[in-house]
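The file upload36.cif contains mmCIF, C-alpha atoms:
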data_structure
#
loop_
_atom_site.label_atom_id
_atom_site.label_comp_id
_atom_site.auth_asym_id
_atom_site.auth_seq_id
_atom_site.Cartn_x
_atom_site.Cartn_y
_atom_site.Cartn_z
CA MET N 1 -20.84 79.02 20.98
CA ALA N 2 -22.53 75.74 20.08
CA SER N 3 -20.44 73.34 18.10
CA GLY N 4 -23.05 73.32 15.33
CA ALA N 5 -22.49 77.05 14.73
CA VAL N 6 -18.75 76.64 14.10
CA LYS N 7 -18.13 77.34 10.41
CA ILE N 8 -14.36 76.85 10.25
CA PRO N 9 -12.28 73.65 10.43
CA GLN N 10 -11.42 72.50 13.96
CA LEU N 11 -8.15 70.58 13.99
CA ASN N 12 -6.20 68.60 16.56
CA TRP N 13 -2.98 70.28 17.66
CA ASP N 14 -0.87 67.98 15.50
CA GLU N 15 -3.00 68.65 12.42
CA ILE N 16 -2.21 72.38 12.30
CA ARG N 17 -1.88 73.89 8.85
CA PRO N 18 -1.25 77.38 7.43
CA SER N 19 -4.22 79.72 7.13
CA SER N 20 -4.80 83.46 7.19
CA VAL N 21 -5.88 83.08 10.85
CA VAL N 22 -4.95 80.24 13.17
CA LEU N 23 -6.82 80.26 16.48
CA LEU N 24 -5.26 78.00 19.13
CA THR N 25 -7.62 77.25 22.02
CA GLY N 26 -7.42 75.07 25.11
CA PRO N 27 -5.43 74.97 28.37
CA GLU N 28 -2.47 72.80 27.33
CA GLU N 29 0.34 75.29 26.76
CA PHE N 30 2.83 72.65 25.69
CA LEU N 31 0.62 71.44 22.84
CA ALA N 32 -0.05 75.01 21.73
CA ASP N 33 3.69 75.78 21.68
CA ARG N 34 4.37 72.59 19.76
CA ALA N 35 1.64 73.44 17.23
CA VAL N 36 2.91 76.99 16.66
CA SER N 37 6.45 75.70 16.19
CA LYS N 38 5.17 73.25 13.59
CA LEU N 39 3.30 76.08 11.85
CA ARG N 40 6.47 78.16 11.70
CA GLU N 41 8.42 75.23 10.23
CA MET N 42 5.78 74.72 7.54
CA LEU N 43 5.73 78.39 6.56
CA HIS N 44 9.54 78.60 6.57
CA ALA N 45 9.70 75.54 4.31
CA GLU N 46 7.46 77.35 1.83
CA ASP N 47 9.56 80.54 1.94
CA ALA N 48 12.87 80.91 3.79
CA GLY N 49 12.34 84.67 3.88
CA LEU N 50 9.53 84.31 6.43
CA GLU N 51 9.38 87.20 8.92
CA VAL N 52 8.23 86.22 12.41
CA SER N 53 6.88 88.72 14.97
CA ASP N 54 5.44 88.29 18.46
CA ILE N 55 2.73 90.26 20.24
CA SER N 56 1.49 89.90 23.81
CA ALA N 57 -2.19 90.84 23.80
CA ASP N 58 -2.25 91.81 27.48
CA ASP N 59 0.03 94.84 27.03
CA TYR N 60 -0.80 95.67 23.42
CA LEU N 61 0.38 98.95 21.86
CA VAL N 62 -2.16 100.55 19.54
CA GLY N 63 -1.27 100.16 15.87
CA THR N 64 1.19 97.28 16.34
CA LEU N 65 -0.86 94.69 14.44
CA ALA N 66 -1.39 96.92 11.41
CA THR N 67 2.30 97.79 11.29
CA LEU N 68 3.49 94.16 11.48
CA ALA N 69 0.88 92.85 9.06
CA SER N 70 1.38 95.45 6.35
CA PRO N 71 3.21 94.21 3.22
CA SER N 72 7.00 94.58 3.37
CA LEU N 73 9.14 96.19 0.69
CA PHE N 74 10.21 92.85 -0.79
CA GLY N 75 6.93 91.03 -0.17
CA GLU N 76 8.25 88.44 2.33
CA PRO N 77 5.52 86.36 4.01
CA ARG N 78 4.87 87.12 7.67
CA LEU N 79 3.88 85.09 10.73
CA ILE N 80 2.51 87.11 13.65
CA ARG N 81 2.25 85.09 16.86
CA VAL N 82 -0.10 86.58 19.46
CA SER N 83 -0.06 85.24 23.02
CA LYS N 84 -2.35 85.84 26.04
CA VAL N 85 -5.44 86.63 23.99
CA GLU N 86 -7.49 85.52 27.02
CA LYS N 87 -6.05 88.60 28.80
CA CYS N 88 -6.18 91.03 25.86
CA THR N 89 -6.73 94.77 26.10
CA ASP N 90 -9.80 96.43 24.62
CA GLU N 91 -7.57 98.13 22.07
CA PHE N 92 -6.23 94.80 20.83
CA LEU N 93 -9.74 93.38 20.61
CA ASP N 94 -10.96 96.28 18.49
CA GLU N 95 -7.96 96.24 16.16
CA VAL N 96 -7.85 92.49 15.58
CA LEU N 97 -11.59 92.42 14.76
CA ASN N 98 -11.03 95.20 12.23
CA TYR N 99 -8.03 93.35 10.78
CA LEU N 100 -9.94 90.09 10.38
CA ALA N 101 -12.53 91.81 8.21
CA ASN N 102 -9.80 92.20 5.58
CA PRO N 103 -6.70 90.14 6.47
CA GLU N 104 -3.44 90.46 4.54
CA MET N 105 -3.05 87.61 2.07
CA SER N 106 0.68 87.12 2.71
CA CYS N 107 0.34 87.18 6.50
CA THR N 108 -0.50 84.35 8.93
CA LEU N 109 -1.94 85.49 12.25
CA SER N 110 -1.83 82.94 15.09
CA LEU N 111 -3.91 83.76 18.16
CA ARG N 112 -3.35 81.83 21.40
CA HIS N 113 -6.35 81.74 23.78
CA ALA N 114 -5.85 79.52 26.85
CA GLY N 115 -9.44 79.74 28.14
CA GLY N 116 -11.89 81.96 29.98
CA LYS N 117 -14.58 84.44 29.00
CA ARG N 118 -12.31 87.30 27.95
CA ALA N 119 -12.30 87.90 24.16
CA GLU N 120 -15.30 85.59 23.70
CA LYS N 121 -16.59 88.03 21.06
CA LEU N 122 -13.40 87.43 19.07
CA LEU N 123 -13.64 83.64 19.37
CA THR N 124 -17.25 83.70 18.24
CA ALA N 125 -16.40 85.86 15.25
CA ILE N 126 -13.51 83.65 14.12
CA ARG N 127 -15.51 80.45 14.59
CA GLY N 128 -18.29 82.06 12.58
CA GLY N 129 -15.93 82.50 9.64
CA LEU N 130 -14.46 85.99 10.09
CA GLY N 131 -10.96 85.88 8.61
CA ALA N 132 -11.53 82.47 6.97
CA GLY N 133 -9.25 80.77 9.46
CA VAL N 134 -8.93 77.47 11.32
CA GLU N 135 -9.17 76.56 15.00
CA VAL N 136 -6.52 74.31 16.54
CA LEU N 137 -7.60 72.47 19.69
CA CYS N 138 -5.06 72.11 22.51
CA PRO N 139 -6.93 70.26 25.29
CA GLU N 140 -5.37 69.10 28.52
CA LEU N 141 -4.47 65.42 28.25
CA LYS N 142 -6.08 64.11 31.44
CA ARG N 143 -6.68 60.45 30.67
CA ASP N 144 -3.82 57.97 30.66
CA SER N 145 -5.09 56.64 27.34
CA ASP N 146 -4.56 60.10 25.80
CA LYS N 147 -1.01 60.27 27.19
CA ILE N 148 -0.28 56.76 25.92
CA SER N 149 -1.42 57.86 22.45
CA PHE N 150 0.81 60.93 22.76
CA VAL N 151 3.87 58.83 23.64
CA ASN N 152 3.19 56.39 20.82
CA SER N 153 2.95 59.33 18.41
CA GLU N 154 6.24 60.79 19.67
CA PHE N 155 8.11 57.54 19.07
CA ARG N 156 6.37 56.90 15.77
CA ASN N 157 7.52 60.32 14.55
CA SER N 158 11.06 59.62 15.73
CA GLY N 159 11.15 56.25 13.96
CA VAL N 160 12.12 54.42 17.17
CA GLN N 161 10.28 51.32 18.38
CA ILE N 162 8.85 51.14 21.93
CA ASP N 163 6.79 48.33 23.44
CA ALA N 164 3.45 48.78 25.24
CA ALA N 165 4.82 48.05 28.73
CA SER N 166 7.51 50.69 28.28
CA VAL N 167 4.92 53.24 27.17
CA ARG N 168 2.78 52.60 30.24
CA SER N 169 5.79 52.85 32.54
CA LEU N 170 6.87 56.13 30.94
CA VAL N 171 3.38 57.63 31.29
CA SER N 172 3.29 56.52 34.92
CA ALA N 173 6.61 58.23 35.61
CA PHE N 174 5.53 61.57 34.08
CA SER N 175 1.77 61.55 34.61
CA GLY N 176 1.64 65.16 35.78
CA ASP N 177 3.76 67.05 33.26
CA LEU N 178 3.33 66.71 29.51
CA ALA N 179 6.44 68.75 28.70
CA GLU N 180 8.59 66.45 30.86
CA LEU N 181 6.96 63.42 29.25
CA ALA N 182 7.80 64.74 25.78
CA ALA N 183 11.38 65.50 26.85
CA ALA N 184 11.74 61.95 28.20
CA CYS N 185 10.49 60.57 24.88
CA ARG N 186 13.07 62.63 22.99
CA GLN N 187 15.89 61.53 25.26
CA LEU N 188 15.02 57.84 25.07
CA ALA N 189 14.57 57.97 21.29
CA SER N 190 17.93 59.73 20.92
CA ASP N 191 19.85 57.43 23.27
CA SER N 192 18.19 54.15 22.21
CA PRO N 193 17.66 54.28 18.43
CA GLN N 194 17.66 50.48 18.33
CA GLY N 195 14.44 50.43 20.37
CA VAL N 196 13.18 51.24 23.87
CA THR N 197 12.43 48.43 26.31
CA LEU N 198 11.13 48.37 29.88
CA ASN N 199 14.69 47.87 31.17
CA VAL N 200 15.78 51.06 29.40
CA VAL N 201 12.89 53.05 30.91
CA ASP N 202 13.72 51.68 34.37
CA GLN N 203 17.38 52.66 33.99
CA TYR N 204 16.45 56.24 33.16
CA TYR N 205 13.28 56.88 35.12
CA GLY N 206 12.73 53.99 37.54
CA GLY N 207 12.82 56.41 40.46
CA ARG N 208 9.93 58.39 38.98
CA VAL N 209 7.81 55.25 38.66
CA GLU N 210 8.58 54.35 42.26
CA ALA N 211 7.46 57.81 43.35
CA ASN N 212 3.93 57.02 42.13
CA ALA N 213 3.83 54.01 44.47
CA PHE N 214 4.57 56.31 47.40
CA ARG N 215 1.70 58.60 46.32
CA VAL N 216 -0.68 55.66 46.80
CA ALA N 217 0.84 54.91 50.20
CA ASP N 218 0.74 58.54 51.34
CA ALA N 219 -2.96 58.85 50.50
CA ALA N 220 -3.86 55.64 52.35
CA ILE N 221 -1.79 56.49 55.45
CA ALA N 222 -3.52 59.89 55.61
CA GLY N 223 -6.89 58.10 55.68
CA ASN N 224 -7.93 59.09 52.15
CA ARG N 225 -9.21 55.70 51.03
CA ALA N 226 -11.02 56.83 47.87
CA GLU N 227 -8.02 58.84 46.65
CA ALA N 228 -5.66 55.95 47.37
CA LEU N 229 -7.83 53.50 45.43
CA VAL N 230 -8.02 55.86 42.44
CA LEU N 231 -4.24 56.35 42.51
CA LEU N 232 -3.79 52.58 42.71
CA ARG N 233 -5.97 52.03 39.65
CA ASN N 234 -4.12 54.75 37.73
CA ALA N 235 -0.74 53.30 38.70
CA LEU N 236 -1.70 49.77 37.63
CA GLU N 237 -3.35 50.91 34.39
CA THR N 238 -0.21 52.83 33.40
CA GLY N 239 2.14 49.92 33.95
CA SER N 240 3.19 50.08 37.61
CA ASP N 241 3.96 46.69 39.11
CA PRO N 242 2.12 45.68 42.33
CA VAL N 243 5.34 44.60 44.07
CA PRO N 244 6.92 48.10 44.40
CA ILE N 245 3.54 49.48 45.49
CA VAL N 246 3.45 47.05 48.41
CA ALA N 247 7.13 47.82 49.08
CA ALA N 248 6.29 51.53 49.37
CA PHE N 249 3.62 50.75 51.98
CA ALA N 250 6.02 48.50 53.89
CA SER N 251 8.75 51.13 53.90
CA LYS N 252 6.42 53.86 55.16
CA LEU N 253 4.79 51.74 57.88
CA ARG N 254 8.09 50.30 59.12
CA THR N 255 9.51 53.79 59.53
CA MET N 256 6.37 54.93 61.34
CA ALA N 257 6.57 51.95 63.70
CA ARG N 258 10.23 52.63 64.50
CA VAL N 259 9.68 56.33 65.11
CA SER N 260 6.55 55.75 67.22
CA GLY N 261 8.59 54.12 69.98
CA ALA N 262 11.44 56.63 69.98
CA TYR N 263 11.88 59.71 72.17
CA GLY N 264 13.87 62.89 71.76
CA SER N 265 14.40 65.52 69.11
CA ASP N 266 14.07 64.72 65.40
CA ALA N 267 17.85 64.96 65.05
CA SER N 268 18.56 62.59 67.95
CA ILE N 269 15.94 60.07 66.77
CA ALA N 270 17.38 60.26 63.26
CA ARG N 271 20.87 59.49 64.58
CA GLU N 272 19.60 56.63 66.74
CA LEU N 273 17.58 54.98 63.95
CA GLY N 274 19.90 55.77 61.07
CA LEU N 275 17.33 57.98 59.33
CA ALA N 276 17.38 61.50 57.91
CA PRO N 277 15.74 64.17 60.12
CA TRP N 278 13.12 64.85 57.43
CA GLN N 279 12.15 61.16 57.50
CA VAL N 280 11.56 61.38 61.24
CA GLU N 281 9.53 64.56 60.84
CA ARG N 282 7.41 63.00 58.09
CA ALA N 283 6.86 59.79 60.10
CA LYS N 284 5.69 61.81 63.11
CA ARG N 285 3.24 63.66 60.89
CA ASP N 286 2.01 60.39 59.39
CA LEU N 287 1.50 58.90 62.85
CA ARG N 288 -1.20 61.38 63.84
CA GLY N 289 -4.40 59.42 64.44
CA TRP N 290 -2.64 56.05 64.52
CA SER N 291 -2.46 53.61 67.45
CA GLN N 292 0.18 50.96 68.12
CA ALA N 293 -2.46 48.27 67.56
CA GLY N 294 -3.48 49.87 64.26
CA LEU N 295 0.13 49.95 63.11
CA ALA N 296 0.57 46.27 63.97
CA GLN N 297 -2.59 45.23 62.11
CA SER N 298 -1.64 47.26 59.04
CA ILE N 299 1.87 45.80 58.94
CA LYS N 300 0.37 42.29 59.09
CA SER N 301 -1.93 43.18 56.19
CA ILE N 302 1.02 44.48 54.16
CA ALA N 303 3.01 41.29 54.80
CA SER N 304 0.07 39.17 53.65
CA THR N 305 -0.42 41.34 50.55
CA ASP N 306 3.27 41.11 49.70
CA ALA N 307 2.97 37.32 49.60
CA ASN N 308 -0.21 37.50 47.50
CA VAL N 309 1.25 39.79 44.80
CA LYS N 310 4.32 37.55 44.59
CA GLY N 311 2.28 34.49 43.68
CA ALA N 312 0.69 33.17 46.88
CA GLY N 313 -2.75 34.63 46.07
CA ALA N 314 -5.12 34.25 43.15
CA ASP N 315 -6.16 37.93 42.90
CA PRO N 316 -3.35 40.47 43.51
CA LEU N 317 -5.63 43.45 42.76
CA TYR N 318 -8.13 42.37 45.41
CA ALA N 319 -5.30 41.92 47.91
CA LEU N 320 -3.96 45.41 47.12
CA GLU N 321 -7.39 46.99 47.55
CA GLN N 322 -7.97 45.22 50.86
CA MET N 323 -4.56 46.41 52.08
CA ILE N 324 -5.45 49.99 51.16
CA ILE N 325 -8.81 49.73 52.94
CA LYS N 326 -7.06 48.41 56.07
CA VAL N 327 -4.34 51.07 56.05
CA SER N 328 -6.79 53.88 55.26
CA ALA N 329 -8.80 52.84 58.32
CA ARG N 330 -5.54 53.01 60.32
CA GLY N 331 -5.62 49.30 61.02
CA ALA N 332 -9.21 49.12 62.23
#
Would you write the structure of this file as structure tokens?
Amino acid sequence: MASGAVKIPQLNWDEIRPSSVVLLTGPEEFLADRAVSKLREMLHAEDAGLEVSDISADDYLVGTLATLASPSLFGEPRLIRVSKVEKCTDEFLDEVLNYLANPEMSCTLSLRHAGGKRAEKLLTAIRGGLGAGVEVLCPELKRDSDKISFVNSEFRNSGVQIDAASVRSLVSAFSGDLAELAAACRQLASDSPQGVTLNVVDQYYGGRVEANAFRVADAAIAGNRAEALVLLRNALETGSDPVPIVAAFASKLRTMARVSGAYGSDASIARELGLAPWQVERAKRDLRGWSQAGLAQSIKSIASTDANVKGAGADPLYALEQMIIKVSARGA
């Protein structure tokens, strides 16, 4: 449905408010869960007698909605939370459309639709004004700038100060999981009420930040230059320091060079070199397509880049990109 045909308010997930119908759309389950929890808190604050019921639209039993929505003996307000609307049965679709034509005044119906074509008729009807509801948008937070805004909002709501470098480092550590990012924000705010600094983030999650450096190295070693350059840009934009990125490359290439000249089983090589067997197995896999000359040239490039990012060069970013190009070409 075109955005111009939407006749109901469309709100961000954190702007949710009570209404007869609350449609939550978008793929980000964490934001939808957070929004519904906030809705419940708001309704409970209005009336502590709130009755809460849950329906799963994919295995709906006929008559359930009418039963739960009907006025109770003592007139308590009701919140009916419906999940998996994108997988709903035909029976649910028919009954909810009938209900929306005349919704119960003391009942709030929240409908969670994660995406897809199923129940599009229902979405169109609600957006057209059926039920006089609101739509709450729960988009996936793909851009680092969106995640940075999310972290800043989390700390602002907690009343704890956090500096920009710490925010970028935290986003870098949890770039792939919004729920984990939110949990990290809660933990840091709880443990450091006096304020969160970069040292605090490093103490808690430094290993996660370092893991992102190895993602850049892994992509380059596999020959995926474009992916490695994108990962590098993302890492730098979210606060990663160039020095540990170069260190990740050096660690990987040194291990590959040591394993390339060794013979025997993974276990025997591991014992001889003081490595774990999985490190030997990974190094052997990384070595496919590499020559001894290519390894040597790449290690030289890494050494030069290490000096550049530590102050010997005028443009650390250029040095990093040239290192990635060299390694992605397997030293050629």
Which residues would end up in the selection if the PyMOL selection byres ((chain N and resi 84) around 8) were applied here, given that I need the answer as number ranges by chain? N: 56-58, 82-83, 85-88, 112-114
Selection to disk with C-alpha atoms, as a short mmCIF file (atom, residue, chain, number, x, y, z; two decimals), in the coordinates of the input:
data_model
loop_
_atom_site.label_atom_id
_atom_site.label_comp_id
_atom_site.auth_asym_id
_atom_site.auth_seq_id
_atom_site.Cartn_x
_atom_site.Cartn_y
_atom_site.Cartn_z
CA SER N 56 1.49 89.90 23.81
CA ALA N 57 -2.19 90.84 23.80
CA ASP N 58 -2.25 91.81 27.48
CA VAL N 82 -0.10 86.58 19.46
CA SER N 83 -0.06 85.24 23.02
CA VAL N 85 -5.44 86.63 23.99
CA GLU N 86 -7.49 85.52 27.02
CA LYS N 87 -6.05 88.60 28.80
CA CYS N 88 -6.18 91.03 25.86
CA ARG N 112 -3.35 81.83 21.40
CA HIS N 113 -6.35 81.74 23.78
CA ALA N 114 -5.85 79.52 26.85
#
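The spacing separating atom CA of N:Leu122 from atom CA of N:Asp33 amounts to 20.8 Å.
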Could you expand the PyMOL selection byres ((chain N and resi 188) around 12) into the explicit residues it covers here, written as a PyMOL selection string? chain N and resi 151+154-155+158-162+166-167+170+181-187+189-205
Just to be explicit: take each residue in the selection above, keep C-alpha atoms, and write the result as a short mmCIF file (atom, residue, chain, number, x, y, z; two decimals), in the coordinates of the input.
data_model
loop_
_atom_site.label_atom_id
_atom_site.label_comp_id
_atom_site.auth_asym_id
_atom_site.auth_seq_id
_atom_site.Cartn_x
_atom_site.Cartn_y
_atom_site.Cartn_z
CA VAL N 151 3.87 58.83 23.64
CA GLU N 154 6.24 60.79 19.67
CA PHE N 155 8.11 57.54 19.07
CA SER N 158 11.06 59.62 15.73
CA GLY N 159 11.15 56.25 13.96
CA VAL N 160 12.12 54.42 17.17
CA GLN N 161 10.28 51.32 18.38
CA ILE N 162 8.85 51.14 21.93
CA SER N 166 7.51 50.69 28.28
CA VAL N 167 4.92 53.24 27.17
CA LEU N 170 6.87 56.13 30.94
CA LEU N 181 6.96 63.42 29.25
CA ALA N 182 7.80 64.74 25.78
CA ALA N 183 11.38 65.50 26.85
CA ALA N 184 11.74 61.95 28.20
CA CYS N 185 10.49 60.57 24.88
CA ARG N 186 13.07 62.63 22.99
CA GLN N 187 15.89 61.53 25.26
CA ALA N 189 14.57 57.97 21.29
CA SER N 190 17.93 59.73 20.92
CA ASP N 191 19.85 57.43 23.27
CA SER N 192 18.19 54.15 22.21
CA PRO N 193 17.66 54.28 18.43
CA GLN N 194 17.66 50.48 18.33
CA GLY N 195 14.44 50.43 20.37
CA VAL N 196 13.18 51.24 23.87
CA THR N 197 12.43 48.43 26.31
CA LEU N 198 11.13 48.37 29.88
CA ASN N 199 14.69 47.87 31.17
CA VAL N 200 15.78 51.06 29.40
CA VAL N 201 12.89 53.05 30.91
CA ASP N 202 13.72 51.68 34.37
CA GLN N 203 17.38 52.66 33.99
CA TYR N 204 16.45 56.24 33.16
CA TYR N 205 13.28 56.88 35.12
#
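Nearest residue to N:Arg78 among N:Ala226, N:Ala312, N:Val52, N:Val36 is N:Val52, counting all atoms listed in the file.
All residues of protein, DNA or RNA that reach within 10 Å of N:Ser304, judged by only C-alpha atoms and not counting those fewer than 6 positions away in the chain, are Ser298, Ala312, Gly313, Ala319, Leu320 and Met323 of chain N.
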Do a neighbour search on N:Ala132 at 10 Å with only C-alpha atoms, toss out local chain neighbours closer than 3 positions, and write the hits as an mmCIF file with C-alpha atoms, in the frame of the given file.
data_model
loop_
_atom_site.group_PDB
_atom_site.id
_atom_site.type_symbol
_atom_site.label_atom_id
_atom_site.label_comp_id
_atom_site.auth_asym_id
_atom_site.auth_seq_id
_atom_site.Cartn_x
_atom_site.Cartn_y
_atom_site.Cartn_z
ATOM 1 C CA LYS N 7 -18.130 77.340 10.410
ATOM 2 C CA ILE N 8 -14.360 76.850 10.250
ATOM 3 C CA PRO N 9 -12.280 73.650 10.430
ATOM 4 C CA SER N 19 -4.220 79.720 7.130
ATOM 5 C CA SER N 20 -4.800 83.460 7.190
ATOM 6 C CA VAL N 21 -5.880 83.080 10.850
ATOM 7 C CA VAL N 22 -4.950 80.240 13.170
ATOM 8 C CA LEU N 100 -9.940 90.090 10.380
ATOM 9 C CA ALA N 101 -12.530 91.810 8.210
ATOM 10 C CA ASN N 102 -9.800 92.200 5.580
ATOM 11 C CA PRO N 103 -6.700 90.140 6.470
ATOM 12 C CA ILE N 126 -13.510 83.650 14.120
ATOM 13 C CA ARG N 127 -15.510 80.450 14.590
ATOM 14 C CA GLY N 128 -18.290 82.060 12.580
ATOM 15 C CA GLY N 129 -15.930 82.500 9.640
#
Apply the PyMOL selection byres ((chain N and resi 325) around 12) to the structure shown and report the selected residues as a PyMOL selection string. chain N and resi 216-217+219-229+232+297-298+301-302+318-324+326-332
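Among the candidates N:Ala45, N:Leu236, N:Leu23, N:Phe150, the one nearest to N:Gly131 when counting only C-alpha atoms is N:Leu23.
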Edge lengths and centre in Å to one decimal, as lines of an AutoDock Vina configuration file, of the axis-aligned box that encloses all listed atoms of stretch 91-108 of chain N with 5 Å added on every side?
center_x = -5.9
center_y = 91.2
center_z = 12.1
size_x = 23.2
size_y = 23.8
size_z = 30.0
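Between atom CA of N:Pro244 and atom CA of N:Ala257 there is a distance of 19.7 Å.
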From atom CA of N:Gly26 to atom CA of N:Leu93 the spacing works out at 19.0 Å
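Comparing the minimum interatomic distances between N:Glu28 and each of N:Leu253, N:Ala119, N:Ala179, N:Val62, counting all atoms listed in the file, we find that N:Ala179 sits nearest.
Remark: for N:Asp59, the closest of the candidate residues N:Phe74, N:Phe30, N:Trp278, N:Phe92 is N:Phe92 (distances computed over all atoms listed in the file).
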